Every structure is written in structure tokens, then in C-alpha cells.
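Structure file data-v5.tsv (TSV, C-alpha atoms and all ligand atoms) is printed below.
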```tsv
chain	number	residue	atom	x	y	z
A	1	MET	CA	115.06	147.69	41.58
A	2	SER	CA	115.93	151.37	41.52
A	3	ALA	CA	116.80	153.14	44.77
A	4	PRO	CA	114.25	155.65	46.13
A	5	ALA	CA	114.99	159.28	45.36
A	6	HIS	CA	116.54	161.21	48.24
A	7	ARG	CA	116.84	164.91	48.68
A	8	GLU	CA	120.30	166.43	48.30
A	9	GLN	CA	122.21	167.15	51.46
A	10	PRO	CA	121.52	170.88	51.98
A	11	SER	CA	124.52	173.01	52.85
A	12	LEU	CA	124.70	173.75	56.56
A	13	SER	CA	126.00	177.21	55.76
A	14	GLY	CA	123.07	179.63	55.73
A	15	GLN	CA	120.82	177.42	57.81
A	16	VAL	CA	119.25	178.83	60.98
A	17	ALA	CA	119.15	177.00	64.31
A	18	LEU	CA	117.12	177.75	67.40
A	19	VAL	CA	118.93	176.53	70.51
A	20	THR	CA	117.13	176.65	73.85
A	21	GLY	CA	119.06	176.82	77.11
A	22	ALA	CA	121.86	178.46	75.15
A	23	GLY	CA	123.13	180.72	77.94
A	24	ARG	CA	125.61	178.29	79.44
A	25	GLY	CA	126.68	174.66	79.69
A	26	ILE	CA	125.64	172.24	76.96
A	27	GLY	CA	123.44	174.75	75.15
A	28	ARG	CA	126.24	177.28	74.76
A	29	ALA	CA	128.58	174.57	73.47
A	30	ILE	CA	125.95	173.42	70.96
A	31	ALA	CA	125.39	176.99	69.77
A	32	LEU	CA	129.10	177.59	69.24
A	33	ARG	CA	129.58	174.24	67.46
A	34	LEU	CA	126.79	175.14	65.05
A	35	ALA	CA	128.26	178.63	64.62
A	36	ARG	CA	131.54	177.01	63.55
A	37	ALA	CA	129.53	175.29	60.80
A	38	ASP	CA	128.32	178.74	59.65
A	39	ILE	CA	124.79	178.21	60.97
A	40	ALA	CA	122.97	181.36	62.15
A	41	LEU	CA	121.55	181.21	65.65
A	42	VAL	CA	118.50	182.13	67.66
A	43	LEU	CA	119.39	181.73	71.32
A	44	ALA	CA	116.90	181.32	74.16
A	45	ALA	CA	117.16	181.14	77.96
A	46	ARG	CA	116.04	183.36	80.84
A	47	THR	CA	119.33	185.01	81.86
A	48	GLU	CA	119.98	187.80	79.38
A	49	SER	CA	123.63	188.38	80.31
A	50	GLN	CA	124.51	184.74	79.61
A	51	LEU	CA	122.64	184.72	76.31
A	52	THR	CA	124.32	187.95	75.24
A	53	GLU	CA	127.71	186.40	75.93
A	54	THR	CA	126.87	183.29	73.88
A	55	ALA	CA	125.73	185.57	71.06
A	56	ARG	CA	128.96	187.60	71.27
A	57	LEU	CA	131.08	184.43	71.05
A	58	ALA	CA	129.00	183.18	68.10
A	59	ARG	CA	129.36	186.45	66.22
A	60	GLN	CA	133.12	186.23	66.70
A	61	LEU	CA	132.84	183.01	64.67
A	62	GLY	CA	131.23	184.99	61.86
A	63	VAL	CA	127.54	184.11	62.15
A	64	GLN	CA	124.42	186.08	62.98
A	65	ALA	CA	123.18	185.40	66.50
A	66	LEU	CA	119.92	186.66	67.95
A	67	PRO	CA	119.58	186.36	71.73
A	68	LEU	CA	115.94	186.29	72.83
A	69	PRO	CA	115.49	186.12	76.62
A	70	THR	CA	112.65	183.67	77.16
A	71	ASP	CA	111.17	181.76	80.07
A	72	LEU	CA	110.11	178.53	78.39
A	73	THR	CA	107.74	177.67	81.22
A	74	GLN	CA	105.58	180.57	79.97
A	75	ASP	CA	103.74	179.61	76.79
A	76	ASP	CA	103.21	183.18	75.62
A	77	GLN	CA	106.98	183.77	75.78
A	78	THR	CA	107.67	180.51	73.92
A	79	LYS	CA	105.24	181.51	71.17
A	80	ALA	CA	106.85	184.96	70.90
A	81	LEU	CA	110.28	183.32	70.64
A	82	VAL	CA	109.34	181.22	67.62
A	83	THR	CA	107.38	184.03	65.97
A	84	THR	CA	110.27	186.49	66.36
A	85	ALA	CA	112.80	183.95	65.08
A	86	LEU	CA	110.75	183.29	61.94
A	87	GLU	CA	110.09	187.01	61.36
A	88	ARG	CA	113.79	187.79	61.66
A	89	PHE	CA	115.21	184.95	59.54
A	90	GLY	CA	112.25	183.73	57.46
A	91	HIS	CA	113.09	180.08	58.13
A	92	LEU	CA	114.19	177.73	60.90
A	93	ASP	CA	116.07	174.64	59.80
A	94	ILE	CA	117.30	173.20	63.08
A	95	VAL	CA	115.79	173.25	66.55
A	96	VAL	CA	117.71	172.00	69.56
A	97	ASN	CA	115.46	171.58	72.59
A	98	ASN	CA	118.14	171.68	75.25
A	99	ALA	CA	116.80	173.87	78.09
A	100	GLY	CA	116.28	171.78	81.17
A	101	GLY	CA	117.38	170.73	84.59
A	102	GLY	CA	115.74	169.82	87.82
A	103	PRO	CA	115.60	170.59	91.53
A	104	PRO	CA	118.10	169.00	93.94
A	105	ARG	CA	117.60	165.24	94.38
A	106	THR	CA	114.52	164.78	96.58
A	107	PRO	CA	112.45	161.67	97.30
A	108	VAL	CA	108.86	161.78	96.10
A	109	ILE	CA	107.53	161.86	99.66
A	110	LYS	CA	109.31	165.17	100.31
A	111	ALA	CA	109.06	166.71	96.84
A	112	ARG	CA	107.17	169.94	96.22
A	113	PRO	CA	104.59	169.73	93.43
A	114	THR	CA	105.60	173.25	92.35
A	115	ASP	CA	109.08	171.84	91.63
A	116	TRP	CA	107.50	169.00	89.66
A	117	ASP	CA	105.57	171.54	87.64
A	118	ALA	CA	108.69	173.55	86.78
A	119	THR	CA	110.67	170.41	85.94
A	120	LEU	CA	107.97	169.00	83.67
A	121	ARG	CA	107.35	172.37	82.02
A	122	THR	CA	111.00	173.10	81.26
A	123	ASN	CA	112.17	169.65	80.18
A	124	LEU	CA	109.05	168.19	78.58
A	125	TRP	CA	106.34	170.75	77.89
A	126	ALA	CA	108.73	173.31	76.36
A	127	THR	CA	110.21	170.61	74.11
A	128	MET	CA	106.72	169.68	72.97
A	129	LEU	CA	105.52	173.25	72.46
A	130	VAL	CA	108.63	174.50	70.64
A	131	SER	CA	108.50	171.45	68.34
A	132	LYS	CA	104.82	172.05	67.58
A	133	LEU	CA	105.38	175.75	66.91
A	134	VAL	CA	108.23	175.21	64.43
A	135	LEU	CA	106.48	172.41	62.53
A	136	PRO	CA	104.38	174.55	60.14
A	137	ALA	CA	107.50	176.34	58.86
A	138	MET	CA	109.48	173.09	58.59
A	139	LEU	CA	106.63	171.31	56.81
A	140	ALA	CA	106.27	174.23	54.39
A	141	GLN	CA	109.95	174.06	53.47
A	142	GLY	CA	109.87	170.25	53.35
A	143	ARG	CA	112.80	169.75	55.69
A	144	GLY	CA	113.92	170.34	59.24
A	145	THR	CA	115.95	168.84	62.04
A	146	ILE	CA	114.62	168.62	65.58
A	147	ILE	CA	117.09	167.49	68.23
A	148	ASN	CA	115.96	166.86	71.78
A	149	ILE	CA	118.55	166.78	74.56
A	150	CYS	CA	117.26	164.10	76.89
A	151	SER	CA	119.30	162.31	79.56
A	152	GLN	CA	120.08	158.83	80.76
A	153	ALA	CA	117.45	159.73	83.35
A	154	GLY	CA	115.11	159.32	80.37
A	155	LEU	CA	116.10	155.67	80.08
A	156	THR	CA	116.37	154.59	83.72
A	157	GLY	CA	114.63	156.10	86.74
A	158	ARG	CA	116.87	156.83	89.72
A	159	ALA	CA	115.89	157.54	93.31
A	160	GLY	CA	115.52	161.24	94.07
A	161	GLU	CA	114.94	162.18	90.41
A	162	ALA	CA	111.34	161.10	89.86
A	163	ALA	CA	110.03	164.27	88.23
A	164	TYR	CA	113.17	164.73	86.12
A	165	ALA	CA	112.93	161.08	85.01
A	166	ALA	CA	109.23	161.47	84.26
A	167	ALA	CA	109.97	164.52	82.13
A	168	LYS	CA	112.86	162.92	80.27
A	169	PHE	CA	110.99	159.62	79.70
A	170	GLY	CA	108.27	161.87	78.29
A	171	VAL	CA	110.75	163.51	75.93
A	172	ARG	CA	111.65	160.05	74.61
A	173	GLY	CA	108.03	159.10	73.96
A	174	PHE	CA	107.20	162.45	72.41
A	175	SER	CA	110.24	162.28	70.13
A	176	GLN	CA	109.46	158.75	68.93
A	177	ALA	CA	105.83	159.63	68.20
A	178	LEU	CA	106.67	162.91	66.48
A	179	LEU	CA	109.23	161.20	64.26
A	180	GLU	CA	106.60	158.73	63.08
A	181	GLU	CA	104.34	161.69	62.17
A	182	VAL	CA	106.91	163.65	60.18
A	183	ARG	CA	109.52	161.22	58.86
A	184	GLU	CA	107.93	161.01	55.39
A	185	LYS	CA	107.84	164.81	55.21
A	186	GLY	CA	111.56	165.55	55.30
A	187	ILE	CA	111.81	166.25	59.01
A	188	THR	CA	114.06	164.29	61.35
A	189	VAL	CA	113.65	164.00	65.11
A	190	SER	CA	116.71	162.88	67.05
A	191	THR	CA	117.13	162.37	70.77
A	192	ILE	CA	120.46	162.51	72.60
A	193	TYR	CA	120.91	160.83	75.99
A	194	PRO	CA	124.06	162.12	77.70
A	195	GLY	CA	125.46	160.67	80.89
A	196	TYR	CA	127.04	163.03	83.41
A	197	VAL	CA	128.22	166.27	81.77
A	198	ASP	CA	130.45	168.72	83.61
A	199	THR	CA	128.17	171.76	83.89
A	200	ALA	CA	126.67	173.94	86.60
A	201	MET	CA	123.64	171.64	86.62
A	202	ILE	CA	125.63	168.92	88.40
A	203	PRO	CA	126.48	169.96	91.95
A	204	HIS	CA	129.93	169.16	93.33
A	205	ASN	CA	129.96	165.95	95.28
A	206	LYS	CA	132.90	163.99	96.68
A	207	ARG	CA	131.79	160.77	94.98
A	208	LEU	CA	131.71	162.30	91.52
A	209	GLN	CA	135.01	162.54	89.62
A	210	ARG	CA	134.40	165.49	87.37
A	211	HIS	CA	137.38	164.88	85.09
A	212	LYS	CA	135.67	161.62	83.99
A	213	MET	CA	132.42	163.36	83.04
A	214	LEU	CA	131.53	164.26	79.48
A	215	SER	CA	132.25	167.83	78.47
A	216	PRO	CA	129.57	170.08	76.96
A	217	ASP	CA	131.63	169.97	73.75
A	218	ASP	CA	131.13	166.19	73.57
A	219	VAL	CA	127.36	166.68	73.43
A	220	ALA	CA	127.76	169.56	70.98
A	221	GLU	CA	129.78	167.29	68.67
A	222	ALA	CA	126.96	164.72	68.72
A	223	VAL	CA	124.51	167.47	67.74
A	224	TYR	CA	126.79	168.49	64.90
A	225	GLN	CA	126.96	164.87	63.71
A	226	VAL	CA	123.16	164.75	63.65
A	227	VAL	CA	122.79	167.94	61.61
A	228	GLY	CA	125.49	166.73	59.21
A	229	SER	CA	123.94	163.29	58.68
A	230	PRO	CA	123.17	162.27	55.09
A	231	PRO	CA	119.53	162.98	54.17
A	232	ARG	CA	118.75	159.28	53.76
A	233	CYS	CA	119.65	158.70	57.40
A	234	CYS	CA	117.95	159.84	60.62
A	235	PRO	CA	120.07	159.26	63.73
A	236	VAL	CA	117.10	158.52	65.99
A	237	GLU	CA	118.76	158.01	69.36
A	238	LEU	CA	122.31	158.64	70.55
A	239	VAL	CA	123.38	157.48	74.01
A	240	LEU	CA	126.58	159.19	75.15
A	241	GLN	CA	128.39	157.49	78.02
A	242	PRO	CA	131.59	158.82	79.56
A	243	GLN	CA	134.36	156.33	78.73
A	244	HIS	CA	135.12	155.96	82.45
A	245	ASP	CA	132.40	155.92	85.10
A	246	PRO	CA	132.62	159.18	87.13
A	247	LEU	CA	131.15	157.34	90.13
A	248	ARG	CA	133.70	154.50	90.09
A	249	ALA	CA	136.87	155.05	92.15
A	301	LIG	N1	124.77	168.18	82.95
A	301	LIG	C1	124.42	166.90	82.84
A	301	LIG	O1	125.02	165.99	83.46
A	301	LIG	C2	123.31	166.49	81.89
A	301	LIG	C3	123.20	165.13	81.56
A	301	LIG	C4	122.18	164.73	80.72
A	301	LIG	C5	121.29	165.65	80.19
A	301	LIG	N2	121.42	166.97	80.52
A	301	LIG	C6	120.46	167.89	79.93
A	301	LIG	O2	121.16	168.83	79.15
A	301	LIG	C7	120.44	170.06	79.10
A	301	LIG	C8	121.36	171.21	79.45
A	301	LIG	O3	121.86	170.99	80.75
A	301	LIG	P1	123.19	171.71	81.30
A	301	LIG	O4	123.93	170.68	82.04
A	301	LIG	O5	123.85	172.48	80.23
A	301	LIG	O6	122.52	172.68	82.39
A	301	LIG	P2	122.81	174.22	82.75
A	301	LIG	O7	124.27	174.50	82.65
A	301	LIG	O8	122.12	174.45	84.02
A	301	LIG	O9	122.08	175.01	81.56
A	301	LIG	C9	120.68	174.94	81.43
A	301	LIG	C10	120.24	175.98	80.41
A	301	LIG	O10	118.81	175.89	80.31
A	301	LIG	C11	118.25	177.20	80.56
A	301	LIG	N3	116.95	177.13	81.19
A	301	LIG	C12	116.62	176.52	82.36
A	301	LIG	N4	115.33	176.75	82.65
A	301	LIG	C13	114.83	177.51	81.64
A	301	LIG	C14	113.57	178.10	81.37
A	301	LIG	N5	112.53	177.98	82.20
A	301	LIG	N6	113.43	178.82	80.25
A	301	LIG	C15	114.46	179.00	79.40
A	301	LIG	N7	115.68	178.48	79.59
A	301	LIG	C16	115.85	177.74	80.71
A	301	LIG	C17	119.29	177.86	81.48
A	301	LIG	O11	119.22	179.28	81.45
A	301	LIG	P3	118.42	180.17	82.51
A	301	LIG	O12	118.53	179.49	83.85
A	301	LIG	O13	119.09	181.48	82.40
A	301	LIG	O14	117.02	180.20	81.98
A	301	LIG	C18	120.58	177.39	80.85
A	301	LIG	O15	120.92	178.19	79.75
A	301	LIG	C19	119.26	169.88	80.04
A	301	LIG	O16	118.11	169.51	79.30
A	301	LIG	C20	119.68	168.73	80.93
A	301	LIG	O17	118.57	168.03	81.45
A	301	LIG	C21	122.42	167.41	81.35
```

Write the structure described by the file as C-alpha cells, please.
Ligand SMILES: NC(=O)c1ccc[n+]([C@@H]2O[C@H](COP(=O)([O-])OP(=O)(O)OC[C@H]3O[C@@H](n4cnc5c(N)ncnc54)[C@H](OP(=O)(O)O)[C@@H]3O)[C@@H](O)[C@H]2O)c1
Amino acid sequence: MSAPAHREQPSLSGQVALVTGAGRGIGRAIALRLARADIALVLAARTESQLTETARLARQLGVQALPLPTDLTQDDQTKALVTTALERFGHLDIVVNNAGGGPPRTPVIKARPTDWDATLRTNLWATMLVSKLVLPAMLAQGRGTIINICSQAGLTGRAGEAAYAAAKFGVRGFSQALLEEVREKGITVSTIYPGYVDTAMIPHNKRLQRHKMLSPDDVAEAVYQVVGSPPRCCPVELVLQPQHDPLRA
């Protein structure tokens, strides 16, 4: 029996990636890892100064980088982001839905629904809307890579993180369903579940040993592995645990 035909592995050089939440932390590390692979960048987050700095660092690595300040809780801004990216580059090959975070740990009984709204919009809704908006271009070119940065909070609910867990569980379900819709059309959908990562999102806390946490570069390397995977293979889910538990003395 002959093997099914597979598309050639396209060169990463010359591809264009949209990275959300690229101003700092994991998103900046992802952007710079992709820049080192000669991938041009569209960078989104709200804080312009942080985005501009990520773009400057990326350009130092020799790639084009377009910072587009965007509040991904605002659908009109999200639509403008994708439209501008496609107008500027003509194609989008990789999308990393990374923007996210949540309010300080709060039990449901005390939580503010406005915080739930922001958490669901940033982590889940924006992931869904950006993915939907890039699909026509990816389907037209017959290939594309969508990578969703989830969390271990998307696998196990923990007290004080109900809305964040709801959003990240949602990301998992959305990603699985989307993959089933597009897998025969050359598009991959991968979800990464990091444990604790040493970024500004994680407040300092005496119980947490930060040197044991993952670094943003660890997550960026996983993203790079996904984009470099052979075309016959879709890395569907990657769970990244720190080798040593940051909460264990
Ligand atoms: N750190 C961890 O331990 C950890 C573990 C697992 C998963 N994650 C996930 O990894 C992702 C990145 O987290 P991080 O640790 O790098 O956090 P971070 O350092 O706080 O960075 C979050 C990024 O998202 C952007 N962002 C937040 N709200 C936004 C909005 N409404 N519109 C556009 N951009 C927005 C932020 O920029 P602005 O505030 O300027 O908009 C920033 O660039 C998140 O999805 C998070 O849930 C983190």
C-alpha cells in the first residue's frame, strides 16, 4: 500500500507569525524565538511601549516586526489587527494566541462578574475570534499553524481561579473542535499547557520557589518545536511541567 502524499515542509524563513500578548513575558519570548527562525512578526498587546521594545529586539535579529497596539477584549480592534496584518504582509502562516491572564485569586462568592468578563474575553473569546479571522487566509493558502497558549488551569480547576479555569478549559475544547474542522485542509491547531512560568503574571509569594518555575524561553522553545514539526505530524497537546515542583520545599 502506498503512503499518502504529504505536503513538503515549507521553509520557516519568510513565514509571518501573529503573536498576541507579545509585549512581555511568554509572548515576547515566543516572538523572539520565531524571529531567530527568520519568521516575520505581527505583535499585539495593549501597552505600546512594551510592544515597541519587542519589535526592536526582533528587528535586531534581522526580521520585520510590526507592533500593533490592540485591546483584544474589543472585537473591532481584534478585527483591525488581523486586517492590517494581512494588508501589510499578504499572508499569515502562524498564529500564537498567547494574550491572557486573570485577576488575583478570588473565590467565586467574592468574585466580580466584570473580572470574569475580562478573563473570559482575553483568554477564550480573543483566541476564538483571532482564530476565526485568520482562517479564510489560511484556508486559501492551504496551510497554517494555530498555537493556543493554555495553562494547566485548563486541565484541572483550582480554588480561587474559577473564571481563569473556565476560560482555559474553553480554550482546550475550542482547539480540539477547530482541529477536527481544519485538519484535512492543511491547518494544524496545537495547544500548550505550561505549569508555573516566571513572569509578571505570577505574583511573588513565599511558598513559590521561582528558580524552579519554567522560563518564558521554555514555552517559546515548545512553540518553535510545533512550527518546525514535519507536515505529516500535528503536535496536538503539549503539557510542560517544571522538572521540580516550585511549591515543594
Ligand atoms: N506565567 C504563568 O505561570 C503561566 C502559566 C500557564 C499559562 N500562562 C499563559 O501564558 C500567557 C502569557 O502569560 P504571561 O505569564 O506571559 O503573562 P504576562 O507577562 O502578564 O503577559 C501577558 C501579555 O498579554 C497581554 N494582554 C493581556 N490582556 C490583553 C488584552 N486585553 N489585549 C491584548 N493583550 C493583552 C499583555 O499586554 P498588555 O497588558 O499590555 O495588554 C502581555 O503582553 C497567558 O495566556 C497565560 O494565561 C501563563

What are the closest atom pairs, with distances in Å to one decimal, for each residue of region 32-133 of chain A lying within 6 Å of region 156-172 of chain A, using only C-alpha atoms, rows by chain and rising residue number, as a Markdown table?
```
| residue | atom | partner | partner_atom | distance |
| --- | --- | --- | --- | --- |
| A:Gly102 | CA | A:Tyr164 | CA | 6.0 |
| A:Arg105 | CA | A:Gly160 | CA | 4.5 |
| A:Thr106 | CA | A:Gly160 | CA | 4.5 |
| A:Pro107 | CA | A:Gly160 | CA | 4.5 |
| A:Trp116 | CA | A:Ala163 | CA | 5.6 |
| A:Leu120 | CA | A:Ala167 | CA | 5.1 |
| A:Asn123 | CA | A:Ala167 | CA | 5.9 |
| A:Leu124 | CA | A:Ala167 | CA | 5.2 |
```

(message) Taking all atoms listed in the file into account, list the residues no farther than 8 Å from ligand LIG 301 (chain A), as a VMD selection string.
(response) chain A and resid 20 to 28 44 to 48 50 to 51 69 to 74 97 to 102 118 121 to 123 149 to 153 164 168 193 to 202 213 to 214 216

(message) One decimal, in Å: what's the spacing between CA of Ala29 (chain A) and CA of Ala55 (chain A)?
(response) 11.6 Å

(message) Can you pull out the residues contacting Arg36 (chain A)? Cut-off 12 Å, using all atoms listed in the file, and skip same-chain residues under 2 positions away; I want them as a PyMOL selection string.
(response) chain A and resi 12-14+29-34+38-41+57-64+220-221+224

Would you save the residues of that selection, restricted to C-alpha atoms, as a PDB file, keeping the file's coordinate frame?
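And here's again-v2.pdb as it stands now:
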```
ATOM      1  CA  LEU A  12     124.700 173.750  56.560  1.00  0.00           C
ATOM      2  CA  SER A  13     126.000 177.210  55.760  1.00  0.00           C
ATOM      3  CA  GLY A  14     123.070 179.630  55.730  1.00  0.00           C
ATOM      4  CA  ALA A  29     128.580 174.570  73.470  1.00  0.00           C
ATOM      5  CA  ILE A  30     125.950 173.420  70.960  1.00  0.00           C
ATOM      6  CA  ALA A  31     125.390 176.990  69.770  1.00  0.00           C
ATOM      7  CA  LEU A  32     129.100 177.590  69.240  1.00  0.00           C
ATOM      8  CA  ARG A  33     129.580 174.240  67.460  1.00  0.00           C
ATOM      9  CA  LEU A  34     126.790 175.140  65.050  1.00  0.00           C
ATOM     10  CA  ASP A  38     128.320 178.740  59.650  1.00  0.00           C
ATOM     11  CA  ILE A  39     124.790 178.210  60.970  1.00  0.00           C
ATOM     12  CA  ALA A  40     122.970 181.360  62.150  1.00  0.00           C
ATOM     13  CA  LEU A  41     121.550 181.210  65.650  1.00  0.00           C
ATOM     14  CA  LEU A  57     131.080 184.430  71.050  1.00  0.00           C
ATOM     15  CA  ALA A  58     129.000 183.180  68.100  1.00  0.00           C
ATOM     16  CA  ARG A  59     129.360 186.450  66.220  1.00  0.00           C
ATOM     17  CA  GLN A  60     133.120 186.230  66.700  1.00  0.00           C
ATOM     18  CA  LEU A  61     132.840 183.010  64.670  1.00  0.00           C
ATOM     19  CA  GLY A  62     131.230 184.990  61.860  1.00  0.00           C
ATOM     20  CA  VAL A  63     127.540 184.110  62.150  1.00  0.00           C
ATOM     21  CA  GLN A  64     124.420 186.080  62.980  1.00  0.00           C
ATOM     22  CA  ALA A 220     127.760 169.560  70.980  1.00  0.00           C
ATOM     23  CA  GLU A 221     129.780 167.290  68.670  1.00  0.00           C
ATOM     24  CA  TYR A 224     126.790 168.490  64.900  1.00  0.00           C
TER      25      TYR A 224
END
```

(request) Rank A:Pro104, A:Pro136, A:Pro113, A:Pro235 by their smallest atom-to-atom distance to Thr83 (chain A), using only C-alpha atoms, and report the top residue only. (result)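 Under the stated criterion, the closest residue is A:Pro136.
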
(message) At a cut-off of 12 Å, using all atoms listed in the file, what residues contact Arg183 (chain A)? Leave out same-chain residues fewer than 4 positions from it and give the result as a PyMOL selection string.
(response) chain A and resi 138-139+142-146+175-179+187-190+231-236

Set up a box along x, y and z of the file covering all listed atoms of region 35-48 of chain A, add 6 Å on every one of the six sides, and write the centre and edge lengths in Å to one decimal, as lines of an AutoDock Vina configuration file.
```
center_x = 123.8
center_y = 181.5
center_z = 70.8
size_x = 27.5
size_y = 24.5
size_z = 34.2
```

(message) Please compute the CA of Val239 (chain A)-CA of Ile192 (chain A) distance, one decimal, in Å.
(response) 6.0 Å

(message) Counting all atoms listed in the file, which residue out of A:Ala140, A:Leu129, A:Ile147, A:Leu247 sits closest to Thr191 (chain A)?
(response) A:Ile147

(request) Tell me which of A:Ala35, A:Leu86, A:Ala65, A:Leu155 sits closest to Val134 (chain A), counting all atoms listed in the file. (result) A:Leu86
